[in-house]
Structures are given as C-alpha cells and as structure tokens.
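Before any comments, here is the structure.
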Amino acid sequence: MNVSFILLAIITVVGTAAAMGMRNAVHCVLALTVGLAGVAALYLQLGAQFVGFTQIMVYVGAVAILAVFAIMMTHSPEPAKPPTFSSFWTVGSVVAASVFAVLAWAIHSSSLAAHTLPPQPEVTVQQIGDALMHRFVLPLELMGLLLTAALIGAVVIAMNHREEIK
Amino acid sequence: MNSLQNYLLLSSLLFSIGLAGALIRRNAILVLIGIELMLNAANLNLIAFWRFGPNPAALTGIMFAIFSISIAAAEAAVGLGIILAAYRHSKTTDLDRMNSLRG
C-alpha cells in the first residue's frame, strides 16, 4: 500500500461522502466531480489509461453537467427549506453500514491477499480498438443502438407535450 | 505494494456511500447520483480484478468497464429526463412529497 493509493482513496471517499451529505444540491454535484476524478486517477494508477480518460470525459464532463442542468431546471423558488434527508434516514444508514460490514468481512476473510501484482500489461488504444472491432463488435453495435434509443427516449420523455394536447 | 484487497475495500466503501445516498436523500437527482456512485464502485472492481487477474492481456475487464460506463451514461440521461417530466407534473423533486401514482 503506497502513498499515492492512500491519497487517491482519501480524495475519492471524502468527495463522494460530501456529495451524498451536503445540503446544497449544486455543491453536492461539485463534490461528486472531485470524487469521480479520484476514481479516474485510480484507473490510471491501475494501468487502464483509456478507461480513466473515458471516466473523466463521461462522468466529470457529461454526467455532472447534466445533473447541474437538471438541478437548475427543477429549482423551486419557494424559500422554505425542507430537510435534506428522508424521514427514515436512520434505517437507510443502518442498511448501508451493514452492507459495508458484510462486504468488508467477506473481503477480509477471503484468500485474495495471496495475489501478487502481475507485471504491468501494455495496453494501447490500438489494441482496444482492434478488440472492439473484432471480438466485441456485436456488443459495440448493441451499445450504439442502446445509446440512440436512450437519446431519443430522454428527449421524448422530457419534451413538453402541452401543445399536442390542446 | 498495492494489494487487491485494498481496492476491493475502497470500492465496497464507495458502494455503501452510494447506497446510503440513494436510500436517504430526498432530492431525486441526488438519488440518481447515488446510483451512479454504485455503478462506479462496480467499475473499480472490474478494473482491479482485470489488473490483478492471471491474464491481463485479454482486455476483458477494460471492455466490461467501457460498456458499463456507456450504459451508466444512457441511464443518467433517461433518469434525468424522467425526473424532469415528474417535476413538470408534480412541481417538486422531493421524493417524500412525490407520493401519488395517479396521472
């Protein structure tokens, strides 16, 4: 366990915990970008450069901006501040903490510690493109279909239908 | 020396933070962000198992992570569209006040 892993883990956990705990929703999304950038740095540390930069572009770029837009479009002008957490927040916290306890116990009692780090594999973008075009070409096409359907579906769902009703 | 267990512990902590956020937040957009955090924890697991696995040259972990990120992006777009439609209907994103299924 080296220093860079500890630093990145602290950045990730603090950023995501702040994203789930802060009161102002825009501040939550800004904290989320810090946490997700920490995850991207962990990908880079593990040697998956392409996935790390994809994570930065998709999450820190697109998803965070989408969430900020949605927060601004649904911002209610009422000055009364409702409580941040739901009425059954104790039950939710206990469920999440027990899930973490079970997972941590399972990881701790497994025999994974015997694994040693294999030598760093050389993964180039060309290899990833070759794999996407040969071995994974059917999932790639399905993903394009899914993204097209999601794009059209999101526009149709969020569109204002009031003119058609009249 | 980074061992696989540290990455798995970190990703289970990320998953629990996302689960707690999805269960206890009142704002629907932040519940969606909690679900995104859980997907990110799964991606971190995939990459860690790929890196520590016996055959990292097969690229399967990277492919899984890329497809998972694309599905998460599609899910975020559709989810935020649904939240916008529900907001237009009920004028709130507070999940404790969205308690009616009638149109």
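Residue names in the structure tokens use chain letters A, B, ... in the order shown, residue numbers from 1 in each chain, and ligand numbers from 1 in the order shown.
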Enumerate, in order of chain and increasing residue number, the residues of chain A with an atom no farther than 6 Å from chain B, each with its shortest atom pair and distance in Å to one decimal, counting only C-alpha atoms, as a tab-separated table.
```
residue	atom	partner	partner_atom	distance
A:Met1	CA	B:Asn2	CA	4.4
A:Asn2	CA	B:Met1	CA	6.0
A:Met20	CA	B:Gly21	CA	5.2
A:Phe85	CA	B:Arg25	CA	4.8
A:Ser86	CA	B:Ile24	CA	5.1
A:Trp89	CA	B:Ile24	CA	4.9
A:Gly92	CA	B:Leu23	CA	5.3
A:Ser93	CA	B:Ala20	CA	5.7
A:Ala96	CA	B:Ala20	CA	5.2
A:Phe100	CA	B:Ser16	CA	5.6
A:Leu117	CA	B:Phe52	CA	5.7
A:Leu147	CA	B:Ala74	CA	5.9
A:Ala150	CA	B:Ala74	CA	5.6
A:Ala154	CA	B:Val78	CA	4.7
A:Ile157	CA	B:Gly81	CA	5.9
A:Ala158	CA	B:Gly81	CA	4.8
```
request  = Record the distance separating CA of Gly47 in chain A and CA of Thr124 in chain A, expressed in Å with one decimal.
outcome  =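 Spanning CA of Gly47 in chain A to CA of Thr124 in chain A is a straight-line distance of 10.4 Å.
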Between CA of Ala25 in chain A and CA of Ile71 in chain A - distance in Å to one decimal =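 Straight-line distance from CA of Ile71 in chain A to CA of Ala25 in chain A works out to 7.1 Å.
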query = Between CA of Gly21 in chain A and CA of Val95 in chain A, what is the spacing in Å?
reply = 16.4 Å
inquiry  = Based on the backbone DSSP call, show me all residues of chain A assigned alpha helix (DSSP H), as a PyMOL selection string.
reply    = chain A and resi 3-21+25-45+49-55+64-73+89-108+125-133+137-158+162-165
query = When distances are computed from only C-alpha atoms, which of A:Leu36, A:Ala149, A:Leu138, A:Val51 shows the smallest separation from Leu46 in chain B?
reply =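 With only C-alpha atoms as the atom set, the closest residue is A:Val51.
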